[in-house]
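Undergrad: This is data.pdb, which holds PDB, C-alpha atoms, pLDDT in the B column:
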ATOM      1  CA  MET A   1      -9.890  -4.229  50.244  1.00 46.00           C
ATOM      2  CA  GLY A   2     -10.555  -1.572  47.637  1.00 51.00           C
ATOM      3  CA  ASN A   3      -6.851  -0.854  47.326  1.00 55.00           C
ATOM      4  CA  THR A   4      -6.041  -4.493  46.621  1.00 56.00           C
ATOM      5  CA  SER A   5      -8.968  -5.123  44.267  1.00 60.00           C
ATOM      6  CA  ARG A   6      -8.374  -2.073  42.069  1.00 69.00           C
ATOM      7  CA  PRO A   7      -5.076  -3.325  40.544  1.00 70.00           C
ATOM      8  CA  LYS A   8      -6.757  -6.652  39.783  1.00 72.00           C
ATOM      9  CA  GLU A   9      -9.674  -4.871  38.117  1.00 74.00           C
ATOM     10  CA  ASN A  10      -7.307  -2.718  36.077  1.00 84.00           C
ATOM     11  CA  ALA A  11      -5.320  -5.770  34.996  1.00 90.00           C
ATOM     12  CA  LEU A  12      -8.524  -7.578  34.013  1.00 93.00           C
ATOM     13  CA  ALA A  13      -9.771  -4.564  32.064  1.00 94.00           C
ATOM     14  CA  SER A  14      -6.417  -4.368  30.248  1.00 93.00           C
ATOM     15  CA  ARG A  15      -6.599  -8.054  29.345  1.00 94.00           C
ATOM     16  CA  ILE A  16     -10.135  -7.732  27.981  1.00 95.00           C
ATOM     17  CA  TYR A  17      -9.127  -4.577  26.106  1.00 93.00           C
ATOM     18  CA  GLN A  18      -6.289  -6.448  24.390  1.00 90.00           C
ATOM     19  CA  GLN A  19      -8.471  -9.461  23.597  1.00 92.00           C
ATOM     20  CA  LEU A  20     -11.173  -7.307  22.028  1.00 93.00           C
ATOM     21  CA  LYS A  21      -8.587  -5.320  20.106  1.00 87.00           C
ATOM     22  CA  ASP A  22      -7.066  -8.550  18.792  1.00 84.00           C
ATOM     23  CA  GLU A  23     -10.517  -9.683  17.654  1.00 86.00           C
ATOM     24  CA  ILE A  24     -11.002  -6.418  15.784  1.00 83.00           C
ATOM     25  CA  PHE A  25      -7.538  -6.624  14.232  1.00 75.00           C
ATOM     26  CA  SER A  26      -8.086 -10.229  13.108  1.00 74.00           C
ATOM     27  CA  PHE A  27     -11.606  -9.463  11.785  1.00 76.00           C
ATOM     28  CA  GLN A  28     -13.302 -11.802  14.236  1.00 83.00           C
ATOM     29  CA  LEU A  29     -15.255  -8.672  15.148  1.00 86.00           C
ATOM     30  CA  LEU A  30     -16.182  -6.887  11.932  1.00 82.00           C
ATOM     31  CA  PRO A  31     -16.960  -3.219  11.314  1.00 82.00           C
ATOM     32  CA  GLY A  32     -20.639  -2.750  12.049  1.00 83.00           C
ATOM     33  CA  ASP A  33     -20.910  -5.750  14.407  1.00 88.00           C
ATOM     34  CA  ARG A  34     -23.019  -4.881  17.444  1.00 91.00           C
ATOM     35  CA  PHE A  35     -22.789  -6.364  20.931  1.00 93.00           C
ATOM     36  CA  THR A  36     -23.580  -5.606  24.552  1.00 94.00           C
ATOM     37  CA  GLU A  37     -21.420  -5.402  27.640  1.00 94.00           C
ATOM     38  CA  THR A  38     -23.349  -8.357  29.043  1.00 94.00           C
ATOM     39  CA  LEU A  39     -22.539 -10.491  26.000  1.00 94.00           C
ATOM     40  CA  ILE A  40     -18.810  -9.751  26.257  1.00 94.00           C
ATOM     41  CA  ALA A  41     -18.836 -10.298  30.021  1.00 95.00           C
ATOM     42  CA  GLU A  42     -20.475 -13.697  29.598  1.00 95.00           C
ATOM     43  CA  ARG A  43     -18.048 -14.677  26.846  1.00 92.00           C
ATOM     44  CA  TYR A  44     -15.012 -13.910  29.011  1.00 93.00           C
ATOM     45  CA  GLY A  45     -16.592 -15.011  32.297  1.00 93.00           C
ATOM     46  CA  VAL A  46     -16.154 -11.659  34.033  1.00 94.00           C
ATOM     47  CA  SER A  47     -18.318  -8.880  35.402  1.00 93.00           C
ATOM     48  CA  ARG A  48     -19.449  -5.949  33.265  1.00 93.00           C
ATOM     49  CA  THR A  49     -17.211  -3.422  35.048  1.00 94.00           C
ATOM     50  CA  PRO A  50     -13.855  -4.395  33.471  1.00 95.00           C
ATOM     51  CA  VAL A  51     -15.619  -4.900  30.140  1.00 95.00           C
ATOM     52  CA  ARG A  52     -17.003  -1.368  30.318  1.00 94.00           C
ATOM     53  CA  HIS A  53     -13.548   0.048  31.134  1.00 95.00           C
ATOM     54  CA  ALA A  54     -12.033  -1.862  28.202  1.00 95.00           C
ATOM     55  CA  LEU A  55     -14.725  -0.693  25.786  1.00 96.00           C
ATOM     56  CA  TYR A  56     -14.411   2.953  26.769  1.00 94.00           C
ATOM     57  CA  ARG A  57     -10.668   2.713  26.204  1.00 93.00           C
ATOM     58  CA  LEU A  58     -11.294   1.259  22.745  1.00 93.00           C
ATOM     59  CA  GLU A  59     -13.819   4.029  22.108  1.00 93.00           C
ATOM     60  CA  ARG A  60     -11.240   6.702  22.948  1.00 90.00           C
ATOM     61  CA  GLU A  61      -8.893   5.089  20.425  1.00 84.00           C
ATOM     62  CA  GLY A  62     -11.598   5.116  17.754  1.00 83.00           C
ATOM     63  CA  PHE A  63     -12.193   1.363  17.401  1.00 86.00           C
ATOM     64  CA  VAL A  64     -15.734   1.097  18.801  1.00 92.00           C
ATOM     65  CA  GLN A  65     -18.685   3.372  19.439  1.00 93.00           C
ATOM     66  CA  VAL A  66     -21.397   3.258  22.059  1.00 93.00           C
ATOM     67  CA  TYR A  67     -25.144   3.431  21.476  1.00 89.00           C
ATOM     68  CA  PHE A  68     -26.738   4.397  24.753  1.00 78.00           C
ATOM     69  CA  ARG A  69     -29.360   1.853  25.797  1.00 75.00           C
ATOM     70  CA  SER A  70     -28.572  -0.367  22.804  1.00 79.00           C
ATOM     71  CA  GLY A  71     -24.980  -1.532  23.242  1.00 92.00           C
ATOM     72  CA  TRP A  72     -21.807  -1.080  21.254  1.00 95.00           C
ATOM     73  CA  SER A  73     -20.550  -1.574  17.710  1.00 93.00           C
ATOM     74  CA  VAL A  74     -17.225  -1.846  15.908  1.00 90.00           C
ATOM     75  CA  ARG A  75     -16.547   1.337  13.954  1.00 87.00           C
ATOM     76  CA  SER A  76     -16.358   1.165  10.182  1.00 80.00           C
ATOM     77  CA  PHE A  77     -12.920   1.748   8.707  1.00 75.00           C
ATOM     78  CA  ASP A  78     -12.485   5.426   7.920  1.00 80.00           C
ATOM     79  CA  PHE A  79      -9.886   5.408   5.163  1.00 82.00           C
ATOM     80  CA  ASP A  80      -9.807   9.212   5.014  1.00 87.00           C
ATOM     81  CA  ARG A  81      -8.777   9.209   8.673  1.00 86.00           C
ATOM     82  CA  PHE A  82      -6.138   6.555   8.041  1.00 87.00           C
ATOM     83  CA  ASP A  83      -4.785   8.610   5.113  1.00 90.00           C
ATOM     84  CA  GLN A  84      -4.468  11.621   7.409  1.00 94.00           C
ATOM     85  CA  LEU A  85      -2.642   9.539  10.012  1.00 94.00           C
ATOM     86  CA  TYR A  86      -0.271   8.193   7.356  1.00 94.00           C
ATOM     87  CA  ASP A  87       0.359  11.782   6.221  1.00 96.00           C
ATOM     88  CA  LEU A  88       1.209  12.768   9.796  1.00 97.00           C
ATOM     89  CA  ARG A  89       3.493   9.757  10.105  1.00 97.00           C
ATOM     90  CA  THR A  90       5.288  10.827   6.906  1.00 97.00           C
ATOM     91  CA  VAL A  91       5.810  14.379   8.197  1.00 98.00           C
ATOM     92  CA  LEU A  92       7.260  13.099  11.472  1.00 98.00           C
ATOM     93  CA  GLU A  93       9.587  10.567   9.863  1.00 98.00           C
ATOM     94  CA  LEU A  94      10.826  13.015   7.216  1.00 98.00           C
ATOM     95  CA  ALA A  95      11.710  15.381  10.045  1.00 98.00           C
ATOM     96  CA  ALA A  96      13.546  12.516  11.753  1.00 98.00           C
ATOM     97  CA  VAL A  97      15.510  11.768   8.587  1.00 98.00           C
ATOM     98  CA  GLN A  98      16.612  15.377   8.341  1.00 98.00           C
ATOM     99  CA  ARG A  99      17.626  15.534  11.998  1.00 98.00           C
ATOM    100  CA  ILE A 100      19.609  12.297  11.759  1.00 98.00           C
ATOM    101  CA  CYS A 101      21.449  13.340   8.614  1.00 98.00           C
ATOM    102  CA  GLU A 102      22.202  16.862   9.838  1.00 97.00           C
ATOM    103  CA  ALA A 103      23.101  16.019  13.440  1.00 97.00           C
ATOM    104  CA  PRO A 104      26.398  17.554  14.611  1.00 96.00           C
ATOM    105  CA  GLU A 105      27.618  14.109  15.605  1.00 95.00           C
ATOM    106  CA  THR A 106      26.992  10.828  13.796  1.00 95.00           C
ATOM    107  CA  VAL A 107      23.828   9.145  15.074  1.00 97.00           C
ATOM    108  CA  ASP A 108      24.318   5.545  16.178  1.00 96.00           C
ATOM    109  CA  LEU A 109      22.041   3.341  14.056  1.00 97.00           C
ATOM    110  CA  SER A 110      23.937   0.114  14.696  1.00 97.00           C
ATOM    111  CA  ALA A 111      21.066  -1.545  16.591  1.00 97.00           C
ATOM    112  CA  LEU A 112      18.773  -1.079  13.582  1.00 98.00           C
ATOM    113  CA  ALA A 113      21.518  -2.120  11.187  1.00 97.00           C
ATOM    114  CA  ASP A 114      22.004  -5.397  13.062  1.00 97.00           C
ATOM    115  CA  ILE A 115      18.377  -6.295  12.301  1.00 97.00           C
ATOM    116  CA  TRP A 116      17.919  -4.994   8.760  1.00 98.00           C
ATOM    117  CA  LEU A 117      21.363  -5.050   7.149  1.00 97.00           C
ATOM    118  CA  VAL A 118      21.500  -8.831   7.014  1.00 97.00           C
ATOM    119  CA  ASP A 119      21.877 -11.469   4.334  1.00 96.00           C
ATOM    120  CA  ARG A 120      18.655 -12.626   2.676  1.00 95.00           C
ATOM    121  CA  THR A 121      19.087 -16.051   4.256  1.00 96.00           C
ATOM    122  CA  ALA A 122      18.957 -14.451   7.725  1.00 96.00           C
ATOM    123  CA  ARG A 123      15.722 -12.584   7.097  1.00 97.00           C
ATOM    124  CA  LEU A 124      12.631 -13.523   9.096  1.00 97.00           C
ATOM    125  CA  VAL A 125       9.520 -14.654   7.256  1.00 95.00           C
ATOM    126  CA  ASP A 126       6.972 -14.650  10.078  1.00 94.00           C
ATOM    127  CA  GLY A 127       4.646 -11.745   9.344  1.00 90.00           C
ATOM    128  CA  GLN A 128       3.794 -10.913  12.951  1.00 87.00           C
ATOM    129  CA  ARG A 129       7.433 -10.796  14.016  1.00 94.00           C
ATOM    130  CA  VAL A 130       8.411  -8.670  11.026  1.00 95.00           C
ATOM    131  CA  ALA A 131       5.468  -6.324  11.688  1.00 91.00           C
ATOM    132  CA  ALA A 132       6.719  -5.796  15.254  1.00 93.00           C
ATOM    133  CA  LEU A 133      10.265  -5.213  14.005  1.00 97.00           C
ATOM    134  CA  ASP A 134       8.974  -2.781  11.383  1.00 96.00           C
ATOM    135  CA  GLU A 135       7.239  -0.715  14.054  1.00 95.00           C
ATOM    136  CA  ALA A 136      10.410  -0.789  16.149  1.00 96.00           C
ATOM    137  CA  PHE A 137      12.445   0.360  13.131  1.00 98.00           C
ATOM    138  CA  HIS A 138      10.355   3.445  12.478  1.00 97.00           C
ATOM    139  CA  GLN A 139      10.091   4.238  16.177  1.00 97.00           C
ATOM    140  CA  GLY A 140      13.844   3.767  16.415  1.00 97.00           C
ATOM    141  CA  LEU A 141      14.342   6.470  13.801  1.00 98.00           C
ATOM    142  CA  MET A 142      12.191   8.830  15.856  1.00 98.00           C
ATOM    143  CA  GLN A 143      14.044   8.011  19.064  1.00 97.00           C
ATOM    144  CA  ALA A 144      17.364   8.556  17.316  1.00 97.00           C
ATOM    145  CA  THR A 145      16.464  12.244  16.923  1.00 96.00           C
ATOM    146  CA  GLY A 146      16.526  12.662  20.697  1.00 96.00           C
ATOM    147  CA  ASN A 147      13.175  14.472  20.570  1.00 97.00           C
ATOM    148  CA  ARG A 148      10.953  12.606  23.011  1.00 97.00           C
ATOM    149  CA  GLU A 149       7.835  14.622  22.136  1.00 97.00           C
ATOM    150  CA  MET A 150       8.119  13.753  18.456  1.00 97.00           C
ATOM    151  CA  ALA A 151       8.654  10.111  19.375  1.00 97.00           C
ATOM    152  CA  ALA A 152       5.584  10.150  21.633  1.00 97.00           C
ATOM    153  CA  VAL A 153       3.346  11.583  18.907  1.00 97.00           C
ATOM    154  CA  HIS A 154       4.718   9.019  16.453  1.00 97.00           C
ATOM    155  CA  GLN A 155       3.956   6.231  18.924  1.00 96.00           C
ATOM    156  CA  GLU A 156       0.364   7.455  19.187  1.00 93.00           C
ATOM    157  CA  VAL A 157      -0.011   7.483  15.397  1.00 94.00           C
ATOM    158  CA  THR A 158       1.476   3.999  15.209  1.00 93.00           C
ATOM    159  CA  GLU A 159      -1.123   2.688  17.655  1.00 85.00           C
ATOM    160  CA  LYS A 160      -3.959   4.146  15.593  1.00 84.00           C
ATOM    161  CA  ILE A 161      -2.881   2.671  12.262  1.00 87.00           C
ATOM    162  CA  ARG A 162      -1.721  -0.698  13.585  1.00 82.00           C
ATOM    163  CA  VAL A 163      -5.141  -2.230  12.905  1.00 73.00           C
ATOM    164  CA  ILE A 164      -4.521  -2.065   9.165  1.00 77.00           C
ATOM    165  CA  ARG A 165      -0.761  -1.541   8.917  1.00 81.00           C
ATOM    166  CA  ARG A 166       0.176  -4.984  10.155  1.00 77.00           C
ATOM    167  CA  LEU A 167      -1.784  -6.554   7.272  1.00 76.00           C
ATOM    168  CA  ASP A 168       1.054  -5.399   5.027  1.00 81.00           C
ATOM    169  CA  PHE A 169       3.096  -8.284   6.413  1.00 87.00           C
ATOM    170  CA  THR A 170       0.685 -11.030   5.391  1.00 82.00           C
ATOM    171  CA  ASN A 171       2.276 -10.847   1.925  1.00 85.00           C
ATOM    172  CA  PRO A 172       5.737 -12.513   1.652  1.00 91.00           C
ATOM    173  CA  ALA A 173       6.715 -10.151  -1.169  1.00 92.00           C
ATOM    174  CA  ARG A 174       5.995  -7.153   1.043  1.00 91.00           C
ATOM    175  CA  ILE A 175       8.160  -8.626   3.803  1.00 94.00           C
ATOM    176  CA  GLN A 176      11.099  -8.855   1.406  1.00 96.00           C
ATOM    177  CA  ALA A 177      10.410  -5.336   0.114  1.00 95.00           C
ATOM    178  CA  THR A 178      10.437  -4.043   3.692  1.00 96.00           C
ATOM    179  CA  TYR A 179      13.852  -5.575   4.321  1.00 97.00           C
ATOM    180  CA  ASP A 180      15.216  -4.145   1.056  1.00 97.00           C
ATOM    181  CA  GLU A 181      13.861  -0.645   1.669  1.00 97.00           C
ATOM    182  CA  HIS A 182      14.862  -0.491   5.321  1.00 98.00           C
ATOM    183  CA  ALA A 183      18.375  -1.595   4.428  1.00 98.00           C
ATOM    184  CA  GLN A 184      18.623   1.005   1.659  1.00 98.00           C
ATOM    185  CA  LEU A 185      17.268   3.728   3.922  1.00 98.00           C
ATOM    186  CA  LEU A 186      19.773   2.898   6.653  1.00 98.00           C
ATOM    187  CA  ARG A 187      22.660   3.096   4.186  1.00 98.00           C
ATOM    188  CA  LEU A 188      21.485   6.516   3.021  1.00 98.00           C
ATOM    189  CA  LEU A 189      21.126   7.739   6.600  1.00 98.00           C
ATOM    190  CA  ILE A 190      24.600   6.483   7.501  1.00 97.00           C
ATOM    191  CA  GLN A 191      25.927   8.354   4.442  1.00 97.00           C
ATOM    192  CA  ARG A 192      23.920  11.442   5.510  1.00 97.00           C
ATOM    193  CA  LYS A 193      22.148  11.699   2.153  1.00 98.00           C
ATOM    194  CA  THR A 194      19.130  13.656   3.328  1.00 98.00           C
ATOM    195  CA  ALA A 195      17.327  14.187   0.021  1.00 98.00           C
ATOM    196  CA  GLN A 196      17.658  10.610  -1.215  1.00 98.00           C
ATOM    197  CA  ALA A 197      16.661   9.203   2.181  1.00 98.00           C
ATOM    198  CA  GLY A 198      13.597  11.443   2.281  1.00 98.00           C
ATOM    199  CA  ILE A 199      12.480  10.378  -1.191  1.00 98.00           C
ATOM    200  CA  LEU A 200      12.896   6.706  -0.332  1.00 98.00           C
ATOM    201  CA  LEU A 201      11.095   7.073   2.993  1.00 98.00           C
ATOM    202  CA  ARG A 202       8.101   8.804   1.403  1.00 97.00           C
ATOM    203  CA  SER A 203       7.901   6.121  -1.301  1.00 97.00           C
ATOM    204  CA  HIS A 204       8.206   3.379   1.333  1.00 95.00           C
ATOM    205  CA  ILE A 205       5.302   4.721   3.383  1.00 95.00           C
ATOM    206  CA  GLU A 206       3.102   5.396   0.346  1.00 94.00           C
ATOM    207  CA  ALA A 207       3.617   1.855  -0.960  1.00 92.00           C
ATOM    208  CA  SER A 208       2.677   0.417   2.430  1.00 89.00           C
ATOM    209  CA  LYS A 209      -0.406   2.635   2.663  1.00 88.00           C
ATOM    210  CA  ALA A 210      -1.634   1.556  -0.783  1.00 88.00           C
ATOM    211  CA  GLU A 211      -1.008  -2.112  -0.040  1.00 85.00           C
ATOM    212  CA  VAL A 212      -2.814  -2.156   3.309  1.00 81.00           C
ATOM    213  CA  ARG A 213      -5.838  -0.396   1.824  1.00 81.00           C
ATOM    214  CA  LYS A 214      -6.070  -3.095  -0.849  1.00 79.00           C
ATOM    215  CA  ILE A 215      -5.516  -5.935   1.628  1.00 73.00           C
ATOM    216  CA  THR A 216      -7.950  -4.476   4.171  1.00 71.00           C
ATOM    217  CA  LEU A 217     -10.763  -4.244   1.631  1.00 68.00           C
ATOM    218  CA  HIS A 218     -10.085  -7.836   0.546  1.00 60.00           C
ATOM    219  CA  HIS A 219     -10.025  -9.136   4.136  1.00 60.00           C
ATOM    220  CA  LEU A 220     -13.183  -7.252   5.042  1.00 59.00           C
ATOM    221  CA  HIS A 221     -15.031  -8.668   2.046  1.00 57.00           C
ATOM    222  CA  ALA A 222     -13.837 -12.231   2.758  1.00 60.00           C
ATOM    223  CA  ALA A 223     -14.667 -11.986   6.467  1.00 54.00           C
ATOM    224  CA  ARG A 224     -18.102 -10.544   5.761  1.00 61.00           C
ATOM    225  CA  GLN A 225     -18.889 -13.307   3.249  1.00 65.00           C
ATOM    226  CA  GLU A 226     -17.814 -15.941   5.783  1.00 64.00           C
ATOM    227  CA  SER A 227     -19.977 -14.324   8.455  1.00 58.00           C
ATOM    228  CA  LEU A 228     -23.002 -14.321   6.134  1.00 58.00           C
ATOM    229  CA  ALA A 229     -22.394 -17.961   5.199  1.00 62.00           C
ATOM    230  CA  GLN A 230     -22.220 -18.982   8.868  1.00 62.00           C
ATOM    231  CA  ALA A 231     -25.412 -17.064   9.620  1.00 57.00           C
ATOM    232  CA  ALA A 232     -27.211 -18.863   6.792  1.00 56.00           C
ATOM    233  CA  LEU A 233     -26.279 -22.234   8.320  1.00 59.00           C
ATOM    234  CA  ARG A 234     -27.672 -21.400  11.741  1.00 61.00           C
ATOM    235  CA  PRO A 235     -31.139 -22.780  12.546  1.00 61.00           C
ATOM    236  CA  ASP A 236     -33.924 -20.196  12.838  1.00 56.00           C
TER     237      ASP A 236
END
Show me this structure written as structure tokens.

TA:
Amino acid sequence: MGNTSRPKENALASRIYQQLKDEIFSFQLLPGDRFTETLIAERYGVSRTPVRHALYRLEREGFVQVYFRSGWSVRSFDFDRFDQLYDLRTVLELAAVQRICEAPETVDLSALADIWLVDRTARLVDGQRVAALDEAFHQGLMQATGNREMAAVHQEVTEKIRVIRRLDFTNPARIQATYDEHAQLLRLLIQRKTAQAGILLRSHIEASKAEVRKITLHHLHAARQESLAQAALRPD
């Protein structure tokens, strides 16, 4: 019985983990919000065990913190930490650019080109879909190096900054800029222009980092004001 119930428990914990993570990403759960395992279990209609597993996984990833005997809370955004992660991402992707441009044989980037080297009329406008494609683009560059360890570290960094990075694609102008810059970067990589590609890549990442910081602060302020307004309407 234990062998058959464990996969179900793991699947349930994974589902709750994703639901809680989505609530954090969408600011339904705000930095500083406190809650208990019992509250989450009642909300999702499950026992506390899968909730606890989900929360400890989120804690390991830096999204929540536990207060023994007094529940959990959503961690405040640590922009210094995000800056360090963006710096690490830049180092990894600059190394990928160099490897691609200096590879003995031409690296096949056709799969990425099919998505990003398209006419403006063929560009997607849905922010969530473009955010997923953007992640796949940058991970594709890492995978194109053939270095699986570099790609794995990059994937880990991507997971950690996703909470704010995907906000970059709530702005239609940023979606168009992403298409333009990805297309230009691909052309430079195909032409093996290492220096120019590196300069563009660094600028591309820095612009995204600055934009998501601005958007995150705006979203946090708006969500907090809405939360306060809703609390004021509740009866005592």

Undergrad: Starting from the point (8.4, 11.4, 9.5), work out which residues of protein, DNA or RNA have an atom no more than 12 Å away when counting all atoms listed in the file; state them as a PyMOL selection string.

TA: chain A and resi 85-100+138-143+145+150-151+153-155+157-158+197-202+204-205

Undergrad: Counting only C-alpha atoms, which of A:Phe169, A:Phe63, A:Tyr56, A:Phe68 gets nearest to Ala131 of chain A?

TA: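 Going through A:Phe169, A:Phe63, A:Tyr56, A:Phe68 one by one, the smallest distance to Ala131 of chain A is for A:Phe169.
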
Undergrad: Using all atoms listed in the file, can you tell me which of A:Ser26, A:Gln128, A:Thr49, A:Ser73 comes closest to Ile175 of chain A?

TA: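 Looking only at the distances to Ile175 of chain A, the closest residue turns out to be A:Gln128.
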
Undergrad: If I take atom CA of Thr178 of chain A and atom CA of Lys193 of chain A, how far is one from the other in Å, to one decimal?

TA: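 Computing the Euclidean distance for atom CA of Thr178 of chain A and atom CA of Lys193 of chain A yields 19.7 Å.
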
Undergrad: Pick from A:Ala136, A:Val118, A:Val130, A:Val163: nearest to Gln184 of chain A, with all atoms listed in the file counted?

TA: A:Val118

Undergrad: Using the chain letters and residue numbers of this document, give as a ChimeraX atom specification the residues selected by the PyMOL selection byres ((chain A and resi 33-36) around 10).

TA: /A:28-32,37-41,48,51-52,64-67,69-76

Undergrad: Please, what distance in Å, to one decimal, runs between atom CA of Ile16 of chain A and atom CA of Ala132 of chain A?

TA: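 Distance reported for this atom pair: 21.2 Å.
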
Undergrad: Using the chain letters and numbers from this file, what does the PyMOL selection byres ((chain A and resi 82) around 10) select? Give the answer as a ChimeraX atom specification.

TA: /A:77-81,83-88,157,160-161,164-165,209,213
